[in-house]
Amino acid sequence: MNNINLKRLALRLNLSVSTVSKAFHDNYDISPETKKRILKLAKQLNYQPNTFASNLRTQKSRTIAVVIPEITNNFFALAINGIESVAREKGYHVLIYLTHEDYANEVSFIQHLQSGRADGVIISLSDSARSVTHLNNLRNKDIPIVFFDRIYDGMKATKITTDDYESSYNATRYLIELGCSKIAHFYYSKDLSIVNNRMKGYLQALKDYKLTFQKRYLVGCSSNNHENYQLIKRHLTKANRPEAIFSSFENLAILCYQVCEELKLSIPGDVQIVSFSNLETAALLNPSLTTITQPAYEIGQKAALALFQALDKEGTGLSNEHIVIKSELIKRNSTTRLENPSFRKP
C-alpha cells in the first residue's frame, strides 16, 4: 500500500485515528501493547507521520530549548548529549542558548522563547542571575521549565542536581584524612545554590574534624580567567599557603595546575588538588587529577525526561520534584597521604 496515511493505518488496526496519532507522539494515554502494535504495522507499511502538518494542527514547535552558562566546562557538553538522546527518541529538535555567564543574555533568551519558539525549556542558571522574573513570565505562558545543576529553589519546577553537599563533604574529608589541615576552597558566585551547598559540605567537614575555619582559605573567584589566575597565584605565594585545594569548578582546578607550573610547585608534594570535574582528560593530566565526577549525561537525560513528562501532562499541574543523582570521588595522583597527619578524627 504505497499511499498509506493515518486514517488508513487506523482502519487496518481497527482503532481510532486519535489513538494511532498518540502512538507517534509517545502519549501516555495508550497502553504499551497498543503502541507497539501500531508502530509495528507502520514500519511494515513504511508509513512516516507528517510531523509538519501535525505541528500546524497542534501549534507545537516540536522543539525544546536548553539554556546553559558555558560550554567549555565538560559537564555541560555531556549533559547536552544526554538531553539530545531523549529528544531524538521523542522526535524533537534541541535549540541551545549559551549565556556566557551573563544574566542579561539569559533574560534576553527567555524573552525570545516566550513567543513559542520552543515547547519547553531546560535551564542551568548563569552565576550572575539576580532575579527570576523572566522565568516566571515564561511559566505564565504555560511553557514548562526544568532546572538542572544550577537551580532556583524558589520556583515550582522539576530540579535535577547531584549531591553537592555530600560530595564536597567527602572530598574535604578525604583531604583531611590524607593529613591536610590547611585546605583552601575555590568557588564562583555564592548566588548559586550549588556553590552554597558545596561550601557547606566543605565547612561541615572542617568542623567535624575539629579544624579551625580560616577565612583566608575561602577564595571567591570571578568569571574572568586572568583575574582568577592572579588570585590563585597570590594565594600560592603566601608564606602560609594552603596544603590542599578543593575546587568547586574544573576551570579553577586547571588554573591551579598552570599556576603551580609557573611557581615550580609540586602537585601533590607542595599542593594537593581535588575538583568537581567531568574533564575527559583528567586522568591524563600530569599528575592525574582527583575528581568529583558528576553523572552529567544521566542528569541531562533525567532533565529531558522530566520536561517531556510535563509536556505530556499539559494542564494537569506542575511538578515540584527534586531529583538528586550521586557523584563519584575518583582518587588519582594529585592527592597523596602525608607522612605525619595532625588532624583529629571526629
# chains A, B, ... in the order shown; residues from 1 in each chain; ligands from 1
$ select_by_dssp --residues "region 159-324 of chain A" --states "alpha helix (DSSP H)" --output "JSON, numbers by chain"
{"A": [164, 165, 166, 167, 168, 169, 170, 171, 172, 173, 174, 175, 176, 177, 193, 194, 195, 196, 197, 198, 199, 200, 201, 202, 203, 204, 205, 206, 207, 208, 225, 226, 227, 228, 229, 230, 231, 232, 233, 234, 235, 236, 250, 251, 252, 253, 254, 255, 256, 257, 258, 259, 260, 261, 262, 263, 296, 297, 298, 299, 300, 301, 302, 303, 304, 305, 306, 307, 308, 309, 310, 311, 312]}
$ select_by_dssp --residues "region 56-265 of chain A" --states "strand (DSSP E)" --output "ChimeraX atom specification"
/A:63-68,93-98,120-123,145-148,158-162,183-187,218-220,244-247
$ residues_around --residues "region 166-177 of chain A" --least-positions-apart "6" --cutoff "6 Å" --atoms "only C-alpha atoms" --output "JSON, numbers by chain"
{"A": [198, 201, 202, 205]}
$ residues_around --residues "Ala157 (chain A)" --least-positions-apart "6" --cutoff "12 Å" --atoms "only C-alpha atoms" --output "list in words"
Gly120, Val121, Ile122, Ile123, Leu135, Asn136, Arg139, Ile143, Pro144, Ile145, Val146, Phe147, Phe148, Ile151, Ala303, Ala306, Leu307, Ala310, Gly317, Leu318, Ser319, Asn320, Glu321, His322 and Ile323 of chain A
$ write_last_selection --atoms "C-alpha atoms" --output "tab-separated table (two decimals), in the first residue's frame"
chain	number	residue	atom	x	y	z
A	120	GLY	CA	9.64	23.69	26.90
A	121	VAL	CA	12.89	24.89	28.45
A	122	ILE	CA	15.71	23.15	30.31
A	123	ILE	CA	17.94	25.66	32.07
A	135	LEU	CA	11.35	32.73	34.18
A	136	ASN	CA	8.02	33.46	35.89
A	139	ARG	CA	5.75	29.90	33.15
A	143	ILE	CA	5.83	26.82	28.89
A	144	PRO	CA	7.26	24.22	31.30
A	145	ILE	CA	10.73	24.68	32.81
A	146	VAL	CA	13.13	22.09	34.20
A	147	PHE	CA	16.23	23.18	36.11
A	148	PHE	CA	19.45	21.18	36.18
A	151	ILE	CA	18.78	25.56	40.07
A	303	ALA	CA	16.08	16.65	32.85
A	306	ALA	CA	11.08	15.36	33.22
A	307	LEU	CA	10.39	18.04	30.60
A	310	ALA	CA	5.46	17.86	31.80
A	317	GLY	CA	-0.42	20.52	37.34
A	318	LEU	CA	3.25	21.34	37.77
A	319	SER	CA	5.78	19.00	39.35
A	320	ASN	CA	7.99	20.29	42.16
A	321	GLU	CA	10.24	17.23	42.33
A	322	HIS	CA	13.93	17.49	43.22
A	323	ILE	CA	15.90	14.55	41.80
$ residues_around --residues "Ser131 (chain A)" --least-positions-apart "4" --cutoff "12 Å" --atoms "only C-alpha atoms" --output "MDAnalysis selection string"
chainID A and resid 103:104 106:107 125:127 135:137 152 154:155 191:192
$ closest_atom_pairs --of "region 264-336 of chain A" --to "region 77-98 of chain A" --cutoff "9 Å" --atoms "only C-alpha atoms" --output "Markdown table"
| residue | atom | partner | partner_atom | distance |
| --- | --- | --- | --- | --- |
| A:Asn278 | CA | A:Leu78 | CA | 8.3 |
| A:Pro295 | CA | A:Ala79 | CA | 8.5 |
| A:Ala296 | CA | A:Ala79 | CA | 4.8 |
| A:Tyr297 | CA | A:Gly82 | CA | 4.5 |
| A:Glu298 | CA | A:Gly82 | CA | 6.2 |
| A:Ile299 | CA | A:Ala79 | CA | 6.3 |
| A:Gly300 | CA | A:Ala79 | CA | 4.2 |
| A:Gln301 | CA | A:Gly82 | CA | 4.5 |
| A:Lys302 | CA | A:Ile83 | CA | 7.9 |
| A:Ala303 | CA | A:Ile83 | CA | 7.0 |
| A:Ala304 | CA | A:Ile83 | CA | 5.2 |
| A:Leu305 | CA | A:Val86 | CA | 6.9 |
| A:Phe308 | CA | A:Lys90 | CA | 8.3 |
$ write_last_selection --atoms "C-alpha atoms" --output "short mmCIF file (atom, residue, chain, number, x, y, z; two decimals), in the first residue's frame"
data_model
loop_
_atom_site.label_atom_id
_atom_site.label_comp_id
_atom_site.auth_asym_id
_atom_site.auth_seq_id
_atom_site.Cartn_x
_atom_site.Cartn_y
_atom_site.Cartn_z
CA ASN A 278 33.92 15.85 34.16
CA PRO A 295 26.81 11.91 36.26
CA ALA A 296 26.38 14.67 33.68
CA TYR A 297 24.94 12.54 30.87
CA GLU A 298 22.38 10.98 33.23
CA ILE A 299 21.48 14.40 34.65
CA GLY A 300 20.79 15.60 31.09
CA GLN A 301 18.64 12.55 30.38
CA LYS A 302 16.65 12.96 33.58
CA ALA A 303 16.08 16.65 32.85
CA ALA A 304 14.79 15.87 29.34
CA LEU A 305 12.54 13.05 30.56
CA PHE A 308 8.65 15.63 28.23
#
$ closest_residue --among "A:Gln272, A:Thr293, A:Ser31, A:Ser181" --to "Leu206 (chain A)" --atoms "only C-alpha atoms"
A:Ser181
$ residues_around --residues "Ala282 (chain A)" --least-positions-apart "2" --cutoff "12 Å" --atoms "only C-alpha atoms" --output "list in words"
Asn74, Glu250, Asn251, Ala253, Ile254, Tyr257, Ile273, Val274, Ser275, Phe276, Ser277, Asn278, Leu279, Glu280, Leu284, Leu285, Asn286, Pro287, Ser288, Leu289, Thr290, Thr291, Ile292, Thr293, Ile330, Lys331, Arg332, Asn333 and Ser334 of chain A
$ residues_around --residues "Arg234 (chain A)" --least-positions-apart "5" --cutoff "12 Å" --atoms "only C-alpha atoms" --output "list of chain:residue names"
A:Arg216, A:Tyr217, A:Val219, A:Glu227, A:Asn228, A:Tyr229, A:Ala239, A:Asn240, A:Arg241, A:Pro242, A:Cys256, A:Val259, A:Cys260, A:Leu263
$ write_last_selection --atoms "C-alpha atoms" --output "PDB file, in the first residue's frame"
ATOM      1  CA  ARG A 216      41.738  33.335  54.064  1.00  0.00           C
ATOM      2  CA  TYR A 217      41.279  29.807  52.733  1.00  0.00           C
ATOM      3  CA  VAL A 219      38.530  32.096  47.991  1.00  0.00           C
ATOM      4  CA  GLU A 227      41.851  37.648  37.334  1.00  0.00           C
ATOM      5  CA  ASN A 228      41.404  34.155  38.753  1.00  0.00           C
ATOM      6  CA  TYR A 229      44.935  33.173  37.706  1.00  0.00           C
ATOM      7  CA  ALA A 239      54.007  32.219  53.458  1.00  0.00           C
ATOM      8  CA  ASN A 240      51.107  30.236  54.914  1.00  0.00           C
ATOM      9  CA  ARG A 241      49.889  28.840  51.615  1.00  0.00           C
ATOM     10  CA  PRO A 242      47.321  26.006  51.618  1.00  0.00           C
ATOM     11  CA  CYS A 256      45.762  25.869  39.741  1.00  0.00           C
ATOM     12  CA  VAL A 259      49.975  28.486  38.459  1.00  0.00           C
ATOM     13  CA  CYS A 260      51.832  25.580  40.086  1.00  0.00           C
ATOM     14  CA  LEU A 263      55.757  28.738  40.507  1.00  0.00           C
TER      15      LEU A 263
END
$ atom_distance --atom1 "CA of Glu101 (chain A)" --atom2 "CA of Ile68 (chain A)"
8.4 Å
$ atom_distance --atom1 "CA of Leu329 (chain A)" --atom2 "CA of Val271 (chain A)"
18.5 Å
$ closest_residue --among "A:Lys326, A:Lys182, A:Lys233, A:Arg8" --to "Thr212 (chain A)" --atoms "only C-alpha atoms"
A:Lys182
$ atom_distance --atom1 "CA of Ala118 (chain A)" --atom2 "CA of Asn73 (chain A)"
24.9 Å
